[in-house]
Every structure is written in C-alpha cells, then in structure tokens.
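K.L.:
Data: model.pdb, PDB, C-alpha atoms (C1' of nucleotides).
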ATOM      1  CA  MET A   1      17.055 -31.349   6.677
ATOM      2  CA  PRO A   2      17.598 -34.623   5.131
ATOM      3  CA  GLU A   3      16.381 -36.523   2.188
ATOM      4  CA  LEU A   4      17.593 -40.014   1.433
ATOM      5  CA  PRO A   5      21.142 -39.014   0.373
ATOM      6  CA  GLU A   6      21.648 -37.085   3.583
ATOM      7  CA  VAL A   7      20.356 -39.978   5.664
ATOM      8  CA  GLU A   8      22.548 -42.437   3.779
ATOM      9  CA  THR A   9      25.538 -40.124   4.199
ATOM     10  CA  THR A  10      24.851 -40.068   7.913
ATOM     11  CA  ARG A  11      24.475 -43.848   8.009
ATOM     12  CA  ARG A  12      27.760 -44.464   6.236
ATOM     13  CA  GLY A  13      29.513 -42.097   8.581
ATOM     14  CA  LEU A  14      27.975 -43.575  11.704
ATOM     15  CA  GLU A  15      28.403 -47.249  10.901
ATOM     16  CA  PRO A  16      32.166 -47.511  11.559
ATOM     17  CA  LEU A  17      31.929 -45.266  14.614
ATOM     18  CA  LEU A  18      29.091 -47.213  16.219
ATOM     19  CA  ALA A  19      29.532 -50.857  15.233
ATOM     20  CA  GLY A  20      30.947 -52.825  18.133
ATOM     21  CA  ARG A  21      30.316 -50.060  20.679
ATOM     22  CA  THR A  22      28.414 -50.821  23.852
ATOM     23  CA  VAL A  23      25.826 -48.389  25.207
ATOM     24  CA  THR A  24      26.796 -47.342  28.728
ATOM     25  CA  ASP A  25      24.100 -44.730  29.246
ATOM     26  CA  VAL A  26      21.260 -42.864  27.569
ATOM     27  CA  VAL A  27      20.241 -39.287  28.327
ATOM     28  CA  VAL A  28      16.851 -38.082  27.124
ATOM     29  CA  ARG A  29      16.483 -34.324  27.601
ATOM     30  CA  GLU A  30      13.357 -33.857  25.520
ATOM     31  CA  ARG A  31      10.810 -36.580  25.009
ATOM     32  CA  ARG A  32       8.483 -34.557  22.815
ATOM     33  CA  LEU A  33       9.604 -35.501  19.323
ATOM     34  CA  ARG A  34       7.266 -36.544  16.509
ATOM     35  CA  TRP A  35       6.241 -39.328  18.854
ATOM     36  CA  PRO A  36       7.211 -39.430  22.503
ATOM     37  CA  VAL A  37      10.596 -40.980  23.141
ATOM     38  CA  PRO A  38       9.925 -44.207  25.092
ATOM     39  CA  ARG A  39      10.207 -43.660  28.829
ATOM     40  CA  ASP A  40      12.222 -46.792  29.311
ATOM     41  CA  LEU A  41      14.680 -46.177  26.477
ATOM     42  CA  ARG A  42      17.579 -45.841  28.896
ATOM     43  CA  ALA A  43      16.857 -49.115  30.605
ATOM     44  CA  THR A  44      16.252 -50.789  27.256
ATOM     45  CA  LEU A  45      19.506 -49.700  25.612
ATOM     46  CA  ARG A  46      21.989 -49.825  28.464
ATOM     47  CA  GLY A  47      24.440 -52.673  28.207
ATOM     48  CA  ARG A  48      23.540 -53.558  24.640
ATOM     49  CA  THR A  49      26.136 -53.608  21.878
ATOM     50  CA  ILE A  50      25.554 -52.038  18.469
ATOM     51  CA  THR A  51      26.067 -54.556  15.709
ATOM     52  CA  ARG A  52      25.348 -52.414  12.670
ATOM     53  CA  VAL A  53      23.585 -49.295  11.409
ATOM     54  CA  GLY A  54      21.052 -49.894   8.648
ATOM     55  CA  ARG A  55      18.600 -47.747   6.792
ATOM     56  CA  ARG A  56      15.114 -48.152   5.378
ATOM     57  CA  ALA A  57      13.730 -45.122   3.551
ATOM     58  CA  LYS A  58      14.783 -42.189   5.728
ATOM     59  CA  TYR A  59      14.769 -44.236   8.910
ATOM     60  CA  LEU A  60      18.122 -45.133  10.448
ATOM     61  CA  LEU A  61      18.106 -48.533  12.096
ATOM     62  CA  VAL A  62      20.596 -48.987  14.897
ATOM     63  CA  ASP A  63      20.728 -52.730  15.430
ATOM     64  CA  LEU A  64      21.391 -53.521  19.072
ATOM     65  CA  GLY A  65      20.956 -57.272  18.920
ATOM     66  CA  GLY A  66      17.499 -58.276  20.064
ATOM     67  CA  GLY A  67      16.042 -54.956  19.066
ATOM     68  CA  THR A  68      16.461 -51.849  16.972
ATOM     69  CA  LEU A  69      16.651 -48.156  17.753
ATOM     70  CA  ILE A  70      14.704 -46.453  14.965
ATOM     71  CA  LEU A  71      15.836 -42.880  14.318
ATOM     72  CA  HIS A  72      14.318 -40.340  11.938
ATOM     73  CA  LEU A  73      15.846 -36.910  11.344
ATOM     74  CA  GLY A  74      12.617 -35.195  10.357
ATOM     75  CA  MET A  75      13.250 -31.806   8.774
ATOM     76  CA  SER A  76      15.987 -30.480  11.006
ATOM     77  CA  GLY A  77      17.605 -33.432  12.746
ATOM     78  CA  THR A  78      21.317 -34.186  12.843
ATOM     79  CA  LEU A  79      23.244 -37.057  14.397
ATOM     80  CA  ARG A  80      26.835 -36.658  15.382
ATOM     81  CA  VAL A  81      29.408 -38.665  17.269
ATOM     82  CA  VAL A  82      31.262 -36.362  19.643
ATOM     83  CA  PRO A  83      33.514 -36.723  22.705
ATOM     84  CA  LYS A  84      31.593 -37.348  25.898
ATOM     85  CA  ASP A  85      32.389 -33.915  27.379
ATOM     86  CA  THR A  86      31.271 -31.890  24.346
ATOM     87  CA  ALA A  87      29.214 -28.887  25.446
ATOM     88  CA  LEU A  88      25.506 -29.078  24.773
ATOM     89  CA  VAL A  89      23.777 -26.628  22.481
ATOM     90  CA  ALA A  90      20.080 -25.898  22.133
ATOM     91  CA  HIS A  91      17.920 -28.805  20.983
ATOM     92  CA  ASP A  92      20.367 -31.571  21.860
ATOM     93  CA  HIS A  93      17.501 -33.873  22.779
ATOM     94  CA  LEU A  94      19.108 -37.280  23.056
ATOM     95  CA  ASP A  95      22.506 -38.768  23.904
ATOM     96  CA  VAL A  96      23.453 -42.396  23.495
ATOM     97  CA  VAL A  97      26.634 -42.699  25.526
ATOM     98  CA  LEU A  98      29.141 -45.200  24.188
ATOM     99  CA  ASP A  99      31.882 -47.149  25.894
ATOM    100  CA  ALA A 100      34.782 -45.504  24.057
ATOM    101  CA  GLY A 101      34.171 -42.111  25.676
ATOM    102  CA  GLN A 102      32.008 -40.888  22.853
ATOM    103  CA  VAL A 103      28.378 -39.936  22.492
ATOM    104  CA  LEU A 104      25.892 -40.311  19.670
ATOM    105  CA  ARG A 105      24.103 -36.969  19.945
ATOM    106  CA  PHE A 106      20.732 -36.233  18.334
ATOM    107  CA  ARG A 107      19.830 -32.597  17.761
ATOM    108  CA  ASP A 108      16.546 -31.542  16.215
ATOM    109  CA  PRO A 109      15.273 -27.955  16.592
ATOM    110  CA  ARG A 110      11.897 -28.555  14.989
ATOM    111  CA  ARG A 111      11.306 -31.894  16.705
ATOM    112  CA  PHE A 112       9.798 -33.557  13.658
ATOM    113  CA  GLY A 113      12.276 -36.382  14.109
ATOM    114  CA  ALA A 114      11.799 -39.577  16.069
ATOM    115  CA  ALA A 115      13.568 -42.052  18.324
ATOM    116  CA  LEU A 116      11.687 -45.307  18.803
ATOM    117  CA  TRP A 117      12.459 -48.828  19.901
ATOM    118  CA  THR A 118      11.286 -52.080  18.425
ATOM    119  CA  ALA A 119      12.167 -55.546  19.630
ATOM    120  CA  LYS A 120      10.876 -57.137  16.437
ATOM    121  CA  ASP A 121      12.081 -57.093  12.850
ATOM    122  CA  PRO A 122      12.025 -53.342  12.116
ATOM    123  CA  ALA A 123      10.629 -54.028   8.661
ATOM    124  CA  GLU A 124       7.407 -55.068  10.404
ATOM    125  CA  HIS A 125       7.144 -51.862  12.382
ATOM    126  CA  PRO A 126       3.966 -49.991  11.411
ATOM    127  CA  LEU A 127       5.980 -47.010  10.182
ATOM    128  CA  LEU A 128       8.039 -49.159   7.821
ATOM    129  CA  ALA A 129       5.764 -52.020   6.852
ATOM    130  CA  GLU A 130       3.795 -50.235   4.134
ATOM    131  CA  LEU A 131       6.641 -48.317   2.483
ATOM    132  CA  GLY A 132       7.442 -48.526  -1.204
ATOM    133  CA  PRO A 133      10.707 -49.891  -2.652
ATOM    134  CA  GLU A 134      14.129 -48.344  -2.171
ATOM    135  CA  PRO A 135      14.922 -46.127  -5.176
ATOM    136  CA  LEU A 136      18.416 -47.591  -5.518
ATOM    137  CA  GLY A 137      17.232 -51.201  -5.181
ATOM    138  CA  ASN A 138      16.122 -53.782  -7.727
ATOM    139  CA  ALA A 139      12.420 -53.511  -6.904
ATOM    140  CA  PHE A 140      12.319 -49.945  -8.169
ATOM    141  CA  HIS A 141      11.868 -49.592 -11.907
ATOM    142  CA  ALA A 142       9.755 -47.876 -14.533
ATOM    143  CA  ARG A 143       7.146 -50.618 -14.604
ATOM    144  CA  HIS A 144       6.541 -50.158 -10.896
ATOM    145  CA  LEU A 145       5.945 -46.427 -11.335
ATOM    146  CA  PHE A 146       3.794 -47.025 -14.390
ATOM    147  CA  ASP A 147       1.614 -49.673 -12.757
ATOM    148  CA  ARG A 148       1.182 -47.762  -9.518
ATOM    149  CA  SER A 149       0.256 -44.544 -11.302
ATOM    150  CA  ARG A 150      -2.567 -45.820 -13.506
ATOM    151  CA  GLY A 151      -5.751 -43.968 -12.732
ATOM    152  CA  ARG A 152      -4.046 -41.424 -10.538
ATOM    153  CA  ARG A 153      -4.710 -37.805 -11.305
ATOM    154  CA  ALA A 154      -2.293 -36.284  -8.810
ATOM    155  CA  ALA A 155       0.734 -34.384 -10.084
ATOM    156  CA  VAL A 156       3.675 -36.659 -10.855
ATOM    157  CA  LYS A 157       5.824 -34.721  -8.408
ATOM    158  CA  THR A 158       3.380 -35.471  -5.606
ATOM    159  CA  PHE A 159       3.218 -39.085  -6.781
ATOM    160  CA  VAL A 160       6.960 -39.752  -6.634
ATOM    161  CA  MET A 161       7.172 -38.064  -3.237
ATOM    162  CA  ASP A 162       4.644 -40.550  -1.830
ATOM    163  CA  GLY A 163       6.617 -42.956   0.323
ATOM    164  CA  HIS A 164       4.141 -45.705  -0.401
ATOM    165  CA  VAL A 165       5.125 -45.480  -4.082
ATOM    166  CA  VAL A 166       8.891 -45.138  -3.679
ATOM    167  CA  VAL A 167      10.801 -44.010  -0.617
ATOM    168  CA  GLY A 168      13.428 -41.348  -0.232
ATOM    169  CA  VAL A 169      12.440 -38.888  -2.957
ATOM    170  CA  GLY A 170      11.983 -35.616  -1.093
ATOM    171  CA  ASN A 171      11.274 -32.114  -2.245
ATOM    172  CA  ILE A 172      14.731 -31.238  -3.575
ATOM    173  CA  TYR A 173      15.399 -34.429  -5.475
ATOM    174  CA  ALA A 174      11.856 -34.683  -6.849
ATOM    175  CA  SER A 175      12.395 -31.371  -8.624
ATOM    176  CA  GLU A 176      15.866 -32.418  -9.728
ATOM    177  CA  ALA A 177      14.812 -35.824 -11.055
ATOM    178  CA  LEU A 178      11.840 -34.426 -12.978
ATOM    179  CA  HIS A 179      14.097 -31.807 -14.492
ATOM    180  CA  LEU A 180      16.638 -34.397 -15.574
ATOM    181  CA  ALA A 181      13.843 -36.547 -17.026
ATOM    182  CA  GLY A 182      12.269 -33.605 -18.858
ATOM    183  CA  ILE A 183       8.868 -34.115 -17.239
ATOM    184  CA  HIS A 184       6.652 -31.269 -16.051
ATOM    185  CA  PRO A 185       6.032 -31.674 -12.306
ATOM    186  CA  ARG A 186       2.312 -30.933 -12.670
ATOM    187  CA  ARG A 187       1.654 -33.630 -15.246
ATOM    188  CA  ALA A 188      -0.904 -36.134 -14.008
ATOM    189  CA  ALA A 189       0.919 -39.272 -12.862
ATOM    190  CA  GLY A 190      -1.598 -41.544 -14.561
ATOM    191  CA  ARG A 191      -1.062 -39.940 -17.962
ATOM    192  CA  ILE A 192       2.649 -40.591 -18.299
ATOM    193  CA  SER A 193       3.864 -43.334 -20.612
ATOM    194  CA  LEU A 194       6.044 -46.283 -19.654
ATOM    195  CA  GLU A 195       8.800 -44.827 -21.813
ATOM    196  CA  ARG A 196       8.782 -41.590 -19.891
ATOM    197  CA  TYR A 197       8.756 -43.461 -16.597
ATOM    198  CA  GLU A 198      11.905 -45.221 -17.829
ATOM    199  CA  ARG A 199      13.530 -41.828 -18.002
ATOM    200  CA  LEU A 200      12.169 -40.796 -14.636
ATOM    201  CA  ALA A 201      13.228 -43.962 -12.823
ATOM    202  CA  GLY A 202      16.709 -43.550 -14.281
ATOM    203  CA  ALA A 203      16.791 -39.894 -13.307
ATOM    204  CA  ILE A 204      15.792 -40.667  -9.726
ATOM    205  CA  ARG A 205      18.574 -43.243  -9.445
ATOM    206  CA  THR A 206      21.093 -40.882 -11.024
ATOM    207  CA  VAL A 207      20.222 -37.868  -8.921
ATOM    208  CA  LEU A 208      20.109 -39.750  -5.623
ATOM    209  CA  GLY A 209      23.264 -41.695  -6.428
ATOM    210  CA  ASN A 210      25.201 -38.573  -7.352
ATOM    211  CA  ALA A 211      23.986 -36.793  -4.238
ATOM    212  CA  ILE A 212      25.153 -39.661  -2.041
ATOM    213  CA  ASP A 213      28.546 -39.573  -3.771
ATOM    214  CA  ALA A 214      28.751 -35.853  -2.974
ATOM    215  CA  GLY A 215      27.932 -36.418   0.684
ATOM    216  CA  GLY A 216      24.426 -35.011   0.435
ATOM    217  CA  THR A 217      23.053 -31.539  -0.110
ATOM    218  CA  THR A 218      23.554 -28.749   2.397
ATOM    219  CA  PHE A 219      21.258 -25.751   2.131
ATOM    220  CA  ARG A 220      20.976 -24.530   5.626
ATOM    221  CA  ASP A 221      22.030 -26.962   8.208
ATOM    222  CA  PHE A 222      22.599 -30.514   7.071
ATOM    223  CA  VAL A 223      25.851 -31.829   8.510
ATOM    224  CA  ASN A 224      27.225 -35.334   8.586
ATOM    225  CA  GLU A 225      28.338 -37.331  11.609
ATOM    226  CA  LEU A 226      31.457 -35.154  11.888
ATOM    227  CA  GLY A 227      29.539 -31.895  11.574
ATOM    228  CA  ARG A 228      30.568 -31.284   7.961
ATOM    229  CA  PRO A 229      28.252 -30.161   5.157
ATOM    230  CA  GLY A 230      27.453 -31.984   1.911
ATOM    231  CA  TYR A 231      28.457 -30.726  -1.500
ATOM    232  CA  PHE A 232      25.565 -31.572  -3.796
ATOM    233  CA  ALA A 233      24.016 -28.099  -3.614
ATOM    234  CA  ARG A 234      26.450 -26.936  -6.272
ATOM    235  CA  SER A 235      25.100 -29.603  -8.615
ATOM    236  CA  LEU A 236      21.443 -28.634  -8.400
ATOM    237  CA  MET A 237      19.939 -27.801 -11.770
ATOM    238  CA  ALA A 238      16.513 -26.523 -10.733
ATOM    239  CA  TYR A 239      15.897 -26.473  -6.987
ATOM    240  CA  ASP A 240      16.095 -23.003  -5.434
ATOM    241  CA  ARG A 241      16.984 -21.443  -8.795
ATOM    242  CA  ALA A 242      13.745 -19.523  -9.466
ATOM    243  CA  GLY A 243      14.304 -16.697 -11.947
ATOM    244  CA  GLU A 244      17.709 -17.979 -12.988
ATOM    245  CA  PRO A 245      18.461 -19.312 -16.454
ATOM    246  CA  CYS A 246      17.855 -22.997 -17.086
ATOM    247  CA  LEU A 247      21.209 -24.774 -17.127
ATOM    248  CA  THR A 248      19.856 -27.427 -19.465
ATOM    249  CA  CYS A 249      18.427 -25.398 -22.354
ATOM    250  CA  GLY A 250      20.101 -22.085 -21.599
ATOM    251  CA  GLU A 251      17.056 -20.234 -22.893
ATOM    252  CA  ALA A 252      14.142 -20.378 -20.476
ATOM    253  CA  THR A 253      14.003 -19.287 -16.844
ATOM    254  CA  ILE A 254      13.453 -21.639 -13.924
ATOM    255  CA  ARG A 255       9.965 -21.252 -12.479
ATOM    256  CA  GLN A 256       8.821 -21.799  -8.927
ATOM    257  CA  GLU A 257       5.284 -22.961  -8.228
ATOM    258  CA  VAL A 258       3.597 -24.583  -5.283
ATOM    259  CA  ILE A 259       2.488 -28.128  -6.070
ATOM    260  CA  GLY A 260       0.926 -30.217  -3.341
ATOM    261  CA  GLN A 261       1.821 -27.488  -0.843
ATOM    262  CA  ARG A 262       5.518 -27.786  -1.615
ATOM    263  CA  SER A 263       7.741 -25.382  -3.530
ATOM    264  CA  SER A 264       8.564 -26.850  -6.895
ATOM    265  CA  TYR A 265      11.137 -25.748  -9.460
ATOM    266  CA  PHE A 266      11.170 -26.558 -13.140
ATOM    267  CA  CYS A 267      12.008 -25.327 -16.622
ATOM    268  CA  PRO A 268       8.800 -24.661 -18.586
ATOM    269  CA  ARG A 269      10.704 -25.226 -21.819
ATOM    270  CA  CYS A 270      12.577 -28.477 -21.105
ATOM    271  CA  GLN A 271       9.913 -30.074 -18.941
ATOM    272  CA  ARG A 272       6.618 -31.062 -20.536
TER     273      ARG A 272
ATOM    274  C1'  DC Z   1      -9.026 -46.213  -2.712
ATOM    275  C1'  DA Z   2      -7.212 -41.233  -3.791
ATOM    276  C1'  DA Z   3      -6.671 -36.407  -2.863
ATOM    277  C1'  DC Z   4      -6.289 -32.659   0.101
ATOM    278  C1'  DG Z   5      -5.499 -29.743   4.100
ATOM    279  C1'  DG Z   6      -3.986 -29.512   8.693
ATOM    280  C1'  DA Z   7      -0.991 -30.748  12.128
ATOM    281  C1'  DC Z   8       3.393 -31.035  14.532
ATOM    282  C1'  DC Z   9       7.861 -27.310  15.731
ATOM    283  C1'  DT Z  10      11.825 -23.651  15.685
ATOM    284  C1'  DG Z  11      14.795 -20.608  13.125
ATOM    285  C1'  DC Z  12      15.782 -17.491   9.687
ATOM    286  C1'  DC Z  13      14.884 -14.087   6.337
ATOM    287  C1'  DT Z  14      12.144 -10.314   4.360
ATOM    288  C1'  DG Z  15       9.648  -6.230   4.427
ATOM    289  C1'  DC Z  16       7.124  -2.686   6.730
TER     290       DC Z  16
ATOM    291  C1'  DT K   1      15.364  -1.926  16.035
ATOM    292  C1'  DG K   2      11.069  -4.543  16.374
ATOM    293  C1'  DC K   3       7.714  -7.335  14.820
ATOM    294  C1'  DA K   4       4.574  -9.854  11.742
ATOM    295  C1'  DG K   5       4.527 -12.967   8.097
ATOM    296  C1'  DG K   6       6.211 -16.459   5.287
ATOM    297  C1'  DC K   7       9.018 -20.163   4.370
ATOM    298  C1'  DA K   8      12.083 -24.343   5.286
ATOM    299  C1'  DG K   9      14.994 -30.645   2.963
ATOM    300  C1'  DG K  10       9.065 -34.796   6.417
ATOM    301  C1'  DT K  11       5.166 -37.379   6.765
ATOM    302  C1'  DC K  12       1.192 -38.867   9.511
ATOM    303  C1'  DC K  13      -3.691 -38.355  10.112
ATOM    304  C1'  DG K  14      -8.419 -36.994   9.551
ATOM    305  C1'  DT K  15     -11.810 -35.477   6.300
ATOM    306  C1'  DT K  16     -13.909 -35.360   1.844
TER     307       DT K  16
END
Re-express the file's structure as structure tokens.
P.N.:
Amino acid sequence: MPELPEVETTRRGLEPLLAGRTVTDVVVRERRLRWPVPRDLRATLRGRTITRVGRRAKYLLVDLGGGTLILHLGMSGTLRVVPKDTALVAHDHLDVVLDAGQVLRFRDPRRFGAALWTAKDPAEHPLLAELGPEPLGNAFHARHLFDRSRGRRAAVKTFVMDGHVVVGVGNIYASEALHLAGIHPRRAAGRISLERYERLAGAIRTVLGNAIDAGGTTFRDFVNELGRPGYFARSLMAYDRAGEPCLTCGEATIRQEVIGQRSSYFCPRCQR
DNA sequence: CAACGGACCTGCCTGC
DNA sequence: TGCAGGCAGGTCCGTT
C-alpha cells in the first residue's frame, strides 16, 4: 500500500531490471482495475523495448518509446520482476513478459490500481496534467503551500494530502510530517503562517526523503521489486501509535482521530 | 471554486 | 468455530 516513497523504491528497483528489455508478450488475467485495462494492451506493447522507468506522483511511467505504460499501485498493488515460470498467486492480474526470461508481474488484491497506455507525453494525460508539484522538487516550497492555502478552511492534513496541491503525501507521511513540523492536523490550512509552512515543507521533504532512503514503509504488505519489505516503519513517530507515549515530548500520548475520513495520529501537546 | 461523502475492492483483525 | 463489522498506505467523481 504505497505512498510516494514506496512507489519511488519500486521505481528504483525496477529501472535497472527493465531498461533495455523487450516485451515479448503481455498476459492480462483481470481487466477490472480502477479503470479497465485496455483490450489491445498486448498488441500495443509486444515488440517494444523499455527505455526507462519514470515516476510522476504515485504513477510509474514505463517508457516504451513512442508511448508509455502508466501503472498505479492503488492501495494494495505490488510490482515484482520474477522468473517466467514463477507460480501465480491470487490477484496476479497482469504480466509483462520480457525477453530475458523474466516477467514484470502486477498483483493487486483490492484492484484500486491501474494499468493504462498513452501514446502522448504522459504529463499531458488527464490523470497527470492537473497534479501539483513533486514534494522533492524545486517547485515545492513554503510559499507554494502558503499561497494555495489562502482562504481554505479545510484541515491542513486534508490540504497537504490533496494531489492538486502537492503530490505524494499520503496518510502515513501526512501524519508524520505534521508531527515533525509541530502543527495540529486539524488546523485550518488557510490560517497557517508562512513561517509555519516553512517548517511543514521542510518536514515533508525530510520525512519522504528518509523513507525513500529506508526503502519505504511496510505495515502489512508493501514489498519492493524483489519481494522485500521496507524499513521505515521503525522510524514512525506518530502513525499507528495511538495511546503510546509521544517520542518527541515524552509526556503526552499520541491521539488518533478521523480527519477527512482518514485515521490521523498526532501529539496534542507538541502539535498546535 | 471548495468541501464532503460515496464509490471502487479484498483481506485481516476484533469481538460477540 | 463462525460471522458481522470495521478498518486498511488512494483518489476520482458527483453533489452541495
């Protein structure tokens, strides 16, 4: 169940395994993902060679020269490169068979993920065109958050999880970043100062960067391209720690509340 | 516009 | 042991 660090971990793992490989076959076992898998995906991909694996927000972009396979892992998706004869398990919906006897295998029990094709610049695809800046890129900074939040009464946690504001900040890392920045997740986004957004922008970069360095966070089932978990869970300061002592102040207890229909974790003492 | 709830799914855990 | 209920890391879409 990936946020940006898990998707980036997957991308970094896949890139060297896929670049230069030619697609010899495609097997679609289940078309009913978030959007239907294109009927002609097999015919479209066969014979093409993968040049690189990119990422925009949580979308993986498999560049096949003349077009791009857009993959999204949804809540429960994993991508792995396995030998061609590897036994199938439940919810192995899609195989991209590669020349070197290996298969890029997409598994997604909940089917919130996606596999789409675009022949144009993927940045112009409707799903990507309106997205906010990358949190680890130069276009993301406190001024951006400040300007975009003026007049908005929604909780700041909801605000930073809006992909049209900034991409890649999911439910775990939103709680973590707000904790690190000392900001209460329910505070109205439009009533936060530029100075505090400086702290928040820095916290988002720090938390996401550290999580990528740790290979992502594994709670239940995230695994990388080799089927291995990430190690950031041990670094979490707030998420999933309801009732436990705050690791920052050592005095208060981490609270869990639902904000914008998502479980949120924070320290009522450190976060205001 | 912004905000909110519902929708899409399966698996896993809890409590009766 | 069985079963209902709730919850899970995403995000689009329709309605106010």
K.L.:
Could you please tell me, as a PDB file with C-alpha atoms (C1' of nucleotides), keeping the file's coordinate frame, which residues of chain K have an atom within 12 Å of chain A when using only C-alpha atoms (C1' of nucleotides)?
P.N.:
ATOM      1  C1'  DC K   7       9.018 -20.163   4.370  1.00  0.00           C
ATOM      2  C1'  DA K   8      12.083 -24.343   5.286  1.00  0.00           C
ATOM      3  C1'  DG K   9      14.994 -30.645   2.963  1.00  0.00           C
ATOM      4  C1'  DG K  10       9.065 -34.796   6.417  1.00  0.00           C
ATOM      5  C1'  DT K  11       5.166 -37.379   6.765  1.00  0.00           C
ATOM      6  C1'  DC K  12       1.192 -38.867   9.511  1.00  0.00           C
TER       7       DC K  12
END
K.L.:
The PyMOL selection byres ((chain A) within 10 of (chain Z)) - which residues does that actually catch in the file I just gave you? List them as a PyMOL selection string.
P.N.:
chain A and resi 33-35+75-76+91+108-112+151-154+220+260-261
K.L.:
What do you get, as a list in words, if you spell out every residue that the PyMOL selection byres ((chain A and resi 240) around 10) selects here?
P.N.:
Ile172, Ser175, Phe219, Ala233, Leu236, Met237, Ala238, Tyr239, Arg241, Ala242, Gly243, Glu244, Ile254, Arg255, Gln256, Ser263, Ser264, Tyr265 and Phe266 of chain A
K.L.:
Tell me, as a ChimeraX atom specification, which residues lie within 8 Å of Arg21 (chain A), counting only C-alpha atoms (C1' of nucleotides); anything in the same chain fewer than 6 positions away does not count.
P.N.:
/A:49-51,98-100
K.L.:
Can you give me, as a PyMOL selection string, the residues this file yields under the PyMOL selection byres ((chain A and resi 185) around 7)?
P.N.:
chain A and resi 155-157+178+183-184+186-187
K.L.:
Enter the distance from CA of Phe106 (chain A) to CA of Arg80 (chain A), in Å, rounded to one decimal.
P.N.:
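A separation of 6.8 Å between them.
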K.L.:
Pick the closest to Val103 (chain A) from A:Val62, A:Leu45, A:Leu208, A:Val82: which is it, counting only C-alpha atoms?
P.N.:
A:Val82
K.L.:
Record the distance separating CA of Thr78 (chain A) and CA of Arg107 (chain A), expressed in Å with one decimal.
P.N.:
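So the answer is 5.4 Å.
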K.L.:
Do you have the CA of Ala174 (chain A)-CA of Arg205 (chain A) distance handy?
P.N.:
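If I compute the distance from CA of Ala174 (chain A) to CA of Arg205 (chain A), I get 11.2 Å.
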K.L.:
So that I can see what lies close to Gly66 (chain A), please list as an MDAnalysis selection string the residues with an atom at most 9 Å from it, counting all atoms listed in the file and leaving out residues fewer than 2 positions away in the same chain.
P.N.:
chainID A and resid 48 63:64 68 118:120
K.L.:
From the coordinates I just gave you, please extract chain Z so that only C-alpha atoms (C1' of nucleotides) remain, then output it as a PDB file, in the first residue's frame.
P.N.:
ATOM      1  C1'  DC Z   1     -14.094  27.331  -6.614  1.00  0.00           C
ATOM      2  C1'  DA Z   2     -14.084  24.361  -2.093  1.00  0.00           C
ATOM      3  C1'  DA Z   3     -15.747  20.757   0.855  1.00  0.00           C
ATOM      4  C1'  DC Z   4     -17.768  16.479   1.624  1.00  0.00           C
ATOM      5  C1'  DG Z   5     -19.439  11.781   1.116  1.00  0.00           C
ATOM      6  C1'  DG Z   6     -19.639   7.849  -1.702  1.00  0.00           C
ATOM      7  C1'  DA Z   7     -17.627   4.797  -4.691  1.00  0.00           C
ATOM      8  C1'  DC Z   8     -14.450   1.222  -6.177  1.00  0.00           C
ATOM      9  C1'  DC Z   9     -12.359  -3.851  -3.904  1.00  0.00           C
ATOM     10  C1'  DT Z  10     -10.295  -7.811  -0.878  1.00  0.00           C
ATOM     11  C1'  DG Z  11      -8.077  -9.262   3.320  1.00  0.00           C
ATOM     12  C1'  DC Z  12      -7.342  -9.205   8.006  1.00  0.00           C
ATOM     13  C1'  DC Z  13      -8.384  -8.451  12.693  1.00  0.00           C
ATOM     14  C1'  DT Z  14     -11.596  -7.927  16.573  1.00  0.00           C
ATOM     15  C1'  DG Z  15     -15.350  -9.060  19.318  1.00  0.00           C
ATOM     16  C1'  DC Z  16     -19.617 -11.369  20.153  1.00  0.00           C
TER      17       DC Z  16
END
